[in-house]
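Structure data (mmCIF, C-alpha atoms) from start.cif:
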data_coords
loop_
_atom_site.label_atom_id
_atom_site.label_comp_id
_atom_site.auth_asym_id
_atom_site.auth_seq_id
_atom_site.Cartn_x
_atom_site.Cartn_y
_atom_site.Cartn_z
CA MET A 90 138.52 9.81 64.44
CA LYS A 91 137.79 8.93 60.85
CA LEU A 92 140.38 6.73 59.23
CA VAL A 93 140.75 8.97 56.19
CA ASP A 94 141.18 12.11 58.28
CA SER A 95 143.87 10.56 60.40
CA LEU A 96 145.78 9.37 57.35
CA ARG A 97 145.70 12.86 55.83
CA GLU A 98 146.59 14.59 59.05
CA ASN A 99 149.61 12.44 59.69
CA ASN A 100 150.70 12.11 56.06
CA SER A 101 150.89 8.49 56.89
CA ILE A 102 150.00 6.80 53.62
CA LEU A 103 153.13 5.17 52.23
CA ILE A 104 152.98 3.13 49.05
CA ALA A 105 155.49 1.09 47.04
CA GLN A 106 157.68 0.56 50.08
CA ASN A 107 160.48 -1.96 50.35
CA ALA A 108 161.13 -3.90 53.49
CA ASN A 109 163.44 -6.86 54.00
CA SER A 110 161.95 -7.96 57.28
CA TRP A 111 158.84 -7.55 59.34
CA GLU A 112 160.71 -5.26 61.72
CA GLU A 113 161.61 -2.98 58.82
CA ALA A 114 158.05 -3.05 57.58
CA VAL A 115 156.69 -2.03 61.00
CA LYS A 116 159.33 0.70 61.33
CA ILE A 117 158.29 2.32 58.05
CA GLY A 118 154.81 2.72 59.49
CA THR A 119 155.84 3.92 62.94
CA ASP A 120 158.53 6.32 61.70
CA VAL A 121 156.03 8.40 59.77
CA LEU A 122 153.83 8.67 62.87
CA VAL A 123 156.81 9.68 64.99
CA GLN A 124 157.51 12.39 62.42
CA SER A 125 153.97 13.68 62.66
CA GLY A 126 154.30 13.84 66.43
CA ALA A 127 151.63 11.25 67.13
CA ILE A 128 153.78 8.63 68.83
CA GLU A 129 157.17 8.26 70.47
CA ASN A 130 159.99 6.09 69.14
CA ARG A 131 159.46 3.57 71.89
CA TYR A 132 156.07 2.62 70.47
CA TYR A 133 158.01 0.78 67.76
CA ASP A 134 160.21 -0.89 70.36
CA GLU A 135 157.15 -2.11 72.24
CA ILE A 136 155.57 -3.60 69.13
CA ILE A 137 158.78 -5.45 68.29
CA LYS A 138 159.29 -6.65 71.85
CA THR A 139 155.77 -8.06 72.16
CA THR A 140 155.92 -9.65 68.72
CA LYS A 141 159.08 -11.47 69.73
CA GLU A 142 157.42 -12.65 72.92
CA ILE A 143 154.10 -13.91 71.61
CA GLY A 144 154.22 -13.79 67.85
CA PRO A 145 152.45 -11.39 65.46
CA TYR A 146 149.36 -10.76 67.54
CA TYR A 147 148.04 -8.17 65.10
CA MET A 148 147.51 -10.21 61.91
CA LEU A 149 144.03 -9.38 60.65
CA MET A 150 144.02 -11.71 57.67
CA PRO A 151 146.67 -13.16 55.37
CA GLY A 152 148.35 -10.16 53.81
CA VAL A 153 147.15 -7.56 56.30
CA ALA A 154 148.69 -6.67 59.65
CA MET A 155 147.67 -4.00 62.13
CA PRO A 156 150.78 -3.33 64.21
CA HIS A 157 149.96 -1.60 67.46
CA SER A 158 150.80 -1.58 71.12
CA ARG A 159 149.22 -0.29 74.34
CA PRO A 160 148.16 3.30 75.05
CA ASP A 161 150.92 3.62 77.66
CA ALA A 162 153.63 2.59 75.20
CA GLY A 163 154.31 6.10 73.93
CA VAL A 164 151.11 7.23 72.25
CA ILE A 165 150.80 11.00 72.08
CA ARG A 166 147.55 11.13 70.11
CA ASP A 167 145.20 8.74 68.34
CA CYS A 168 146.48 8.05 64.85
CA PHE A 169 146.60 5.69 61.91
CA GLY A 170 149.02 4.92 59.15
CA ILE A 171 148.91 2.67 56.14
CA THR A 172 152.02 1.15 54.62
CA ILE A 173 151.80 -0.77 51.37
CA LEU A 174 154.81 -2.87 50.46
CA ASN A 175 156.01 -3.87 47.02
CA SER A 176 156.10 -7.45 48.14
CA PRO A 177 154.81 -9.37 51.16
CA VAL A 178 156.94 -9.84 54.23
CA LYS A 179 156.85 -12.83 56.56
CA PHE A 180 155.66 -12.10 60.07
CA GLY A 181 155.52 -15.51 61.62
CA GLU A 182 156.12 -19.20 61.11
CA GLU A 183 152.70 -20.14 59.80
CA ASP A 184 151.88 -19.88 56.10
CA HIS A 185 149.19 -17.32 56.62
CA GLU A 186 151.39 -15.02 58.68
CA TYR A 187 152.58 -12.55 56.09
CA ALA A 188 151.62 -8.99 55.22
CA GLN A 189 151.83 -6.63 52.31
CA VAL A 190 149.47 -4.03 53.79
CA LEU A 191 150.19 -2.71 57.27
CA LEU A 192 147.69 -0.58 59.13
CA THR A 193 149.60 1.05 61.96
CA LEU A 194 147.35 1.99 64.83
CA ALA A 195 148.00 3.95 68.01
CA ALA A 196 145.31 4.85 70.51
CA THR A 197 145.38 6.90 73.70
CA SER A 198 142.76 4.74 75.32
CA SER A 199 141.23 1.35 74.77
CA ASP A 200 137.89 2.72 73.67
CA ALA A 201 138.01 6.06 71.92
CA HIS A 202 139.86 5.12 68.81
CA ALA A 203 138.58 1.58 68.67
CA GLU A 204 134.90 2.39 68.59
CA VAL A 205 135.17 4.69 65.61
CA ALA A 206 138.12 3.63 63.55
CA ILE A 207 138.06 -0.13 63.99
CA PRO A 208 134.61 -0.55 62.40
CA GLN A 209 135.95 1.42 59.45
CA ILE A 210 138.88 -0.93 59.09
CA MET A 211 136.47 -3.84 59.25
CA GLU A 212 134.36 -2.35 56.50
CA LEU A 213 137.45 -1.81 54.41
CA LEU A 214 138.58 -5.40 54.84
CA ASP A 215 135.12 -6.95 54.50
CA ASP A 216 135.49 -6.59 50.76
CA GLU A 217 138.55 -8.71 50.05
CA GLU A 218 139.11 -6.95 46.75
CA ASN A 219 139.99 -3.81 48.64
CA VAL A 220 143.25 -5.36 49.75
CA ASP A 221 144.18 -6.03 46.11
CA ARG A 222 143.11 -2.53 45.20
CA LEU A 223 145.32 -1.06 47.91
CA ILE A 224 148.29 -3.12 46.79
CA SER A 225 147.87 -1.93 43.20
CA ALA A 226 147.28 1.71 44.07
CA LYS A 227 149.68 4.03 42.31
CA THR A 228 149.12 7.19 44.29
CA VAL A 229 148.26 8.31 47.78
CA GLU A 230 145.05 9.85 46.45
CA GLU A 231 144.03 6.48 45.06
CA VAL A 232 144.51 4.90 48.47
CA LEU A 233 142.37 7.59 50.08
CA ALA A 234 139.68 7.04 47.47
CA ILE A 235 139.62 3.28 48.04
CA ILE A 236 139.22 3.79 51.78
CA SER A 237 136.61 6.55 51.45
CA ASN A 238 134.53 4.44 49.13
CA ALA A 239 134.72 1.45 51.40
CA VAL A 240 133.75 3.15 54.62
CA GLU A 241 131.19 5.57 53.30
CA LYS A 242 127.86 3.88 53.85
CA MET B 102 121.41 -16.30 75.53
CA ILE B 103 125.08 -16.79 74.82
CA LYS B 104 127.68 -14.81 76.71
CA LEU B 105 130.74 -14.25 74.61
CA LEU B 106 134.11 -12.70 75.37
CA ALA B 107 136.59 -11.63 72.70
CA VAL B 108 140.17 -11.36 73.87
CA CYS B 109 143.22 -9.74 72.38
CA GLY B 110 146.58 -8.57 73.61
CA ASN B 111 145.66 -4.97 74.32
CA GLY B 112 141.94 -5.08 74.77
CA MET B 113 141.32 -2.56 72.05
CA GLY B 114 141.24 -2.94 68.30
CA THR B 115 141.55 -6.61 67.63
CA SER B 116 139.16 -7.79 70.31
CA THR B 117 136.63 -5.12 69.31
CA MET B 118 136.71 -6.49 65.77
CA MET B 119 136.31 -10.06 66.92
CA LYS B 120 133.44 -9.10 69.19
CA MET B 121 131.64 -7.34 66.35
CA LYS B 122 132.15 -10.21 63.94
CA ALA B 123 131.04 -12.79 66.48
CA LYS B 124 127.91 -10.83 67.30
CA LYS B 125 127.05 -10.53 63.61
CA ILE B 126 127.42 -14.27 63.18
CA LEU B 127 125.20 -15.07 66.15
CA ASP B 128 122.63 -12.51 65.00
CA SER B 129 122.50 -14.15 61.59
CA HIS B 130 121.69 -17.44 63.29
CA ASN B 131 119.08 -15.74 65.46
CA ILE B 132 121.03 -16.51 68.59
CA GLU B 133 120.81 -13.87 71.27
CA CYS B 134 124.15 -12.83 72.55
CA GLN B 135 125.82 -10.57 75.04
CA ALA B 136 129.31 -9.84 73.80
CA GLU B 137 132.22 -8.11 75.45
CA ASN B 138 135.90 -7.68 74.78
CA CYS B 139 139.00 -7.18 76.86
CA SER B 140 142.74 -7.75 77.06
CA VAL B 141 144.25 -11.12 77.85
CA GLY B 142 145.36 -9.82 81.24
CA GLN B 143 141.83 -8.79 82.16
CA ALA B 144 140.38 -11.98 80.68
CA LYS B 145 142.23 -14.39 82.94
CA SER B 146 140.02 -13.75 85.93
CA ILE B 147 136.68 -13.54 84.14
CA VAL B 148 136.93 -16.33 81.58
CA ASN B 149 134.52 -18.61 83.44
CA ASN B 150 131.73 -16.03 83.38
CA TYR B 151 131.28 -16.67 79.66
CA ASP B 152 129.98 -19.46 77.47
CA ILE B 153 132.42 -18.84 74.67
CA VAL B 154 135.77 -17.06 74.72
CA ILE B 155 137.48 -16.27 71.44
CA ALA B 156 141.10 -15.31 70.98
CA SER B 157 143.85 -15.79 68.44
CA THR B 158 145.97 -18.92 68.56
CA HIS B 159 148.79 -16.75 69.91
CA LEU B 160 146.97 -15.84 73.09
CA ILE B 161 144.60 -18.70 73.77
CA GLY B 162 147.33 -20.60 75.62
CA GLN B 163 147.28 -18.01 78.39
CA LEU B 164 143.66 -18.69 79.28
CA LYS B 165 142.37 -21.51 81.43
CA ALA B 166 138.67 -22.27 81.52
CA LYS B 167 136.32 -24.62 83.36
CA GLU B 168 134.20 -27.14 81.48
CA SER B 169 131.24 -24.84 81.12
CA THR B 170 133.29 -22.34 79.14
CA THR B 171 134.62 -23.12 75.70
CA LEU B 172 137.81 -21.53 74.43
CA VAL B 173 137.86 -20.96 70.69
CA ALA B 174 141.26 -20.37 69.11
CA LEU B 175 141.27 -18.51 65.82
CA LYS B 176 144.09 -18.67 63.33
CA ASN B 177 142.71 -15.79 61.38
CA ILE B 178 140.75 -13.32 63.48
CA MET B 179 139.10 -11.58 60.57
CA ASP B 180 137.94 -14.78 58.92
CA VAL B 181 134.21 -14.95 59.43
CA LYS B 182 133.96 -18.47 58.04
CA GLU B 183 136.49 -19.86 60.50
CA MET B 184 134.81 -18.05 63.37
CA GLU B 185 131.37 -19.19 62.33
CA ALA B 186 132.41 -22.82 61.87
CA GLN B 187 134.10 -22.98 65.26
CA MET B 188 131.33 -21.19 67.12
CA MET B 189 128.57 -23.27 65.55
CA ALA B 190 130.45 -26.44 66.43
CA VAL B 191 130.51 -25.30 70.05
CA LEU B 192 126.86 -24.24 70.11
CA LYS B 193 125.62 -27.50 68.65
CA LYS B 194 126.69 -29.26 71.82
#
Starting from the file, give its structure as structure tokens.
Amino acid sequence: MKLVDSLRENNSILIAQNANSWEEAVKIGTDVLVQSGAIENRYYDEIIKTTKEIGPYYMLMPGVAMPHSRPDAGVIRDCFGITILNSPVKFGEEDHEYAQVLLTLAATSSDAHAEVAIPQIMELLDDEENVDRLISAKTVEEVLAIISNAVEK
Amino acid sequence: MIKLLAVCGNGMGTSTMMKMKAKKILDSHNIECQAENCSVGQAKSIVNNYDIVIASTHLIGQLKAKESTTLVALKNIMDVKEMEAQMMAVLKK
């Protein structure tokens, strides 16, 4: 499923969010997907549990995290969300383990979602300026435009 | 030909990304490669079938490999430069 379509469908673009901890930051992203009926509440619990066990296994690059868990952790349908925080939140002990942009991902199977949407995320993040653009975006439409421009090749 | 395995916690998004990045790097160096990805649970039993196994520093500790397989731990899984530097160091041997 295209990244942009999923974000529209789930109304899951949240900008200028405040979070005092990484758990809060993740919850902002999962709550909106629970509201849209794409995942169950326990998906959040699973992400938190695993993070506490092995650390933030979903850091894509400094500043960007992709919180997600397994298909059997309460995923109802493939979906994406993007949460942009007003300021970065620490996710782990290392210096580079912080995030201001969170791409919440939930997939019903290991392949389906990954093969289509992941390359789009990669394209988005390939241009490092896109992360800055996302952080400075003032509206949801702006965020959609940044993503569309990045993945449209 | 280099056989490469990218490993992440769930065997979906993150390892797919690493696999794609690694393949791109090897292609740019004209090194033929067969790349796959899987979860850390699945990886444990197949690690020794590969020349290079890449995973984040968080998960690499769960994998044990024989001498013929090199484990590459990445701090930053999206960082092409880190991946390239580590992989090239391995391949030079």
Expressed in Å to a single decimal, how great is the separation between CA of Val181 (chain B) and CA of Ala196 (chain A)?
-> 25.3 Å
Explicit residues for the PyMOL selection byres ((chain B and resi 187) around 12) (as an NGL selection string) = :B and (123 or 126-127 or 153-156 or 171-178 or 180-186 or 188-194)
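With distances restricted to all atoms listed in the file, B:Thr115 is the closest residue to Cys139 (chain B) from B:Gln163, B:Thr170, B:Thr115, B:Ser157.
Neighbouring residues of Leu194 (chain A) at 10 Å or closer, counting only C-alpha atoms and skipping chain neighbours under 6 positions away, are Gly118, Thr119, Leu122, Met155, Pro156, His157, Ser158, Arg159, Val164, Asp167, Cys168, Phe169, Gly170, Ile171, His202, Ala203, Ala206 and Ile207 of chain A; Gly114 of chain B.
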With the cut-off set at 8 Å and counting all atoms listed in the file, tabulate each residue of chain A with an atom at most that distance from an atom of chain B, showing the nearest atom pair and its distance in Å to one decimal, ordered by chain and increasing number, as a Markdown table.
| residue | atom | partner | partner_atom | distance |
| --- | --- | --- | --- | --- |
| A:Ile143 | CA | B:His159 | CA | 6.3 |
| A:Gly144 | CA | B:His159 | CA | 6.5 |
| A:Pro145 | CA | B:His159 | CA | 7.9 |
| A:Tyr146 | CA | B:His159 | CA | 6.5 |
| A:Tyr147 | CA | B:Thr115 | CA | 7.1 |
| A:Met148 | CA | B:Asn177 | CA | 7.4 |
| A:Leu149 | CA | B:Met179 | CA | 5.4 |
| A:Met150 | CA | B:Asn177 | CA | 5.7 |
| A:Pro151 | CA | B:Asn177 | CA | 7.7 |
| A:Ser158 | CA | B:Asn111 | CA | 6.9 |
| A:Arg159 | CA | B:Asn111 | CA | 5.9 |
| A:Ser199 | CA | B:Met113 | CA | 4.8 |
| A:Asp200 | CA | B:Met113 | CA | 6.5 |
| A:Ala203 | CA | B:Gly114 | CA | 5.3 |
| A:Glu204 | CA | B:Thr117 | CA | 7.7 |
| A:Ile207 | CA | B:Gly114 | CA | 6.0 |
| A:Pro208 | CA | B:Met118 | CA | 7.1 |
| A:Met211 | CA | B:Met118 | CA | 7.0 |
Residues at most 7 Å from Asn149 (chain B), counting only C-alpha atoms, excluding those fewer than 2 positions away in the same chain, as number ranges by chain?
-> B: 147, 151, 166-167, 170
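Between CA of Ile165 (chain A) and CA of Ile235 (chain A) the separation is 27.6 Å.
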What are the centre and edge lengths in Å, to one decimal, of the axis-aligned box around all listed atoms of region 148-167 of chain B with 3 Å added on each side, as JSON?
{"center_x": 139.4, "center_y": -20.0, "center_z": 75.9, "size_x": 24.8, "size_y": 15.3, "size_z": 21.0}
Restricting to all atoms listed in the file, whichever of A:Ala154, A:Ile104, A:Ala127, A:Val115 is closest to Tyr187 (chain A) is A:Ala154
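By chain and then residue number, the residues within 9 Å of Gly126 (chain A) are Asn99, Val121, Leu122, Val123, Gln124, Ile128, Glu129, Ile165 and Arg166 of chain A, counting only C-alpha atoms and disregarding those fewer than 2 positions away in sequence.
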Restricting it to C-alpha atoms, dump the selection as a tab-separated table (two decimals), in the coordinates of the input.
chain	number	residue	atom	x	y	z
A	99	ASN	CA	149.61	12.44	59.69
A	121	VAL	CA	156.03	8.40	59.77
A	122	LEU	CA	153.83	8.67	62.87
A	123	VAL	CA	156.81	9.68	64.99
A	124	GLN	CA	157.51	12.39	62.42
A	128	ILE	CA	153.78	8.63	68.83
A	129	GLU	CA	157.17	8.26	70.47
A	165	ILE	CA	150.80	11.00	72.08
A	166	ARG	CA	147.55	11.13	70.11
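Taking all atoms listed in the file, the non-local environment of Val190 (chain A) within 7 Å (same-chain residues fewer than 4 positions away omitted) comprises Gly152, Val153, Ala154, Thr172, Ile173 and Leu174 of chain A.
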To one decimal in Å, tell me the separation between CA of Tyr133 (chain A) and CA of Asp215 (chain A).
-> 27.6 Å
Incomplete region 115-138 of chain B brought to N, CA, C and O atoms, written out as a compact mmCIF listing (two decimals), in the coordinates of the input:
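File result.txt, as written:
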# COMPACT_ATOMS: atom_id res chain seq x y z
N THR B 115 141.80 -5.27 68.11
CA THR B 115 141.55 -6.61 67.63
C THR B 115 140.38 -7.28 68.31
O THR B 115 139.55 -7.91 67.68
N SER B 116 140.27 -7.13 69.63
CA SER B 116 139.16 -7.79 70.31
C SER B 116 137.83 -7.11 69.97
O SER B 116 136.79 -7.76 69.93
N THR B 117 137.87 -5.81 69.72
CA THR B 117 136.63 -5.12 69.31
C THR B 117 136.15 -5.70 67.99
O THR B 117 134.96 -5.96 67.80
N MET B 118 137.07 -5.91 67.06
CA MET B 118 136.71 -6.49 65.77
C MET B 118 136.13 -7.87 65.92
O MET B 118 135.12 -8.20 65.31
N MET B 119 136.78 -8.68 66.76
CA MET B 119 136.31 -10.06 66.92
C MET B 119 134.92 -10.06 67.54
O MET B 119 134.05 -10.83 67.15
N LYS B 120 134.74 -9.18 68.52
CA LYS B 120 133.44 -9.10 69.19
C LYS B 120 132.36 -8.75 68.18
O LYS B 120 131.29 -9.35 68.15
N MET B 121 132.63 -7.77 67.32
CA MET B 121 131.64 -7.34 66.35
C MET B 121 131.33 -8.44 65.35
O MET B 121 130.17 -8.67 65.00
N LYS B 122 132.36 -9.13 64.91
CA LYS B 122 132.15 -10.21 63.94
C LYS B 122 131.35 -11.33 64.57
O LYS B 122 130.45 -11.89 63.96
N ALA B 123 131.72 -11.68 65.80
CA ALA B 123 131.04 -12.79 66.48
C ALA B 123 129.56 -12.46 66.67
O ALA B 123 128.69 -13.30 66.44
N LYS B 124 129.29 -11.22 67.06
CA LYS B 124 127.91 -10.83 67.30
C LYS B 124 127.10 -10.92 66.01
O LYS B 124 125.98 -11.40 65.99
N LYS B 125 127.72 -10.48 64.92
CA LYS B 125 127.05 -10.53 63.61
C LYS B 125 126.70 -11.96 63.24
O LYS B 125 125.64 -12.25 62.72
N ILE B 126 127.65 -12.87 63.51
CA ILE B 126 127.42 -14.27 63.18
C ILE B 126 126.26 -14.82 63.99
O ILE B 126 125.35 -15.47 63.47
N LEU B 127 126.27 -14.54 65.29
CA LEU B 127 125.20 -15.07 66.15
C LEU B 127 123.86 -14.45 65.77
O LEU B 127 122.84 -15.12 65.74
N ASP B 128 123.87 -13.16 65.43
CA ASP B 128 122.63 -12.51 65.00
C ASP B 128 122.08 -13.20 63.76
O ASP B 128 120.88 -13.42 63.65
N SER B 129 122.97 -13.54 62.85
CA SER B 129 122.50 -14.15 61.59
C SER B 129 121.91 -15.52 61.83
O SER B 129 121.15 -16.04 61.02
N HIS B 130 122.27 -16.13 62.96
CA HIS B 130 121.69 -17.44 63.29
C HIS B 130 120.55 -17.29 64.28
O HIS B 130 120.08 -18.28 64.85
N ASN B 131 120.14 -16.05 64.50
CA ASN B 131 119.08 -15.74 65.46
C ASN B 131 119.39 -16.22 66.87
O ASN B 131 118.51 -16.69 67.59
N ILE B 132 120.64 -16.13 67.24
CA ILE B 132 121.03 -16.51 68.59
C ILE B 132 121.31 -15.23 69.36
O ILE B 132 122.14 -14.42 68.96
N GLU B 133 120.61 -15.08 70.48
CA GLU B 133 120.81 -13.87 71.27
C GLU B 133 122.17 -13.92 71.94
O GLU B 133 122.58 -14.98 72.43
N CYS B 134 122.83 -12.78 71.96
CA CYS B 134 124.15 -12.83 72.55
C CYS B 134 124.52 -11.56 73.26
O CYS B 134 124.10 -10.47 72.89
N GLN B 135 125.30 -11.73 74.32
CA GLN B 135 125.82 -10.57 75.04
C GLN B 135 127.33 -10.67 74.85
O GLN B 135 127.95 -11.63 75.31
N ALA B 136 127.89 -9.71 74.13
CA ALA B 136 129.31 -9.84 73.80
C ALA B 136 130.13 -8.73 74.40
O ALA B 136 129.73 -7.56 74.41
N GLU B 137 131.31 -9.10 74.91
CA GLU B 137 132.22 -8.11 75.45
C GLU B 137 133.64 -8.39 74.96
O GLU B 137 133.91 -9.47 74.41
N ASN B 138 134.52 -7.43 75.16
CA ASN B 138 135.90 -7.68 74.78
C ASN B 138 136.84 -7.10 75.82
O ASN B 138 136.49 -6.16 76.53
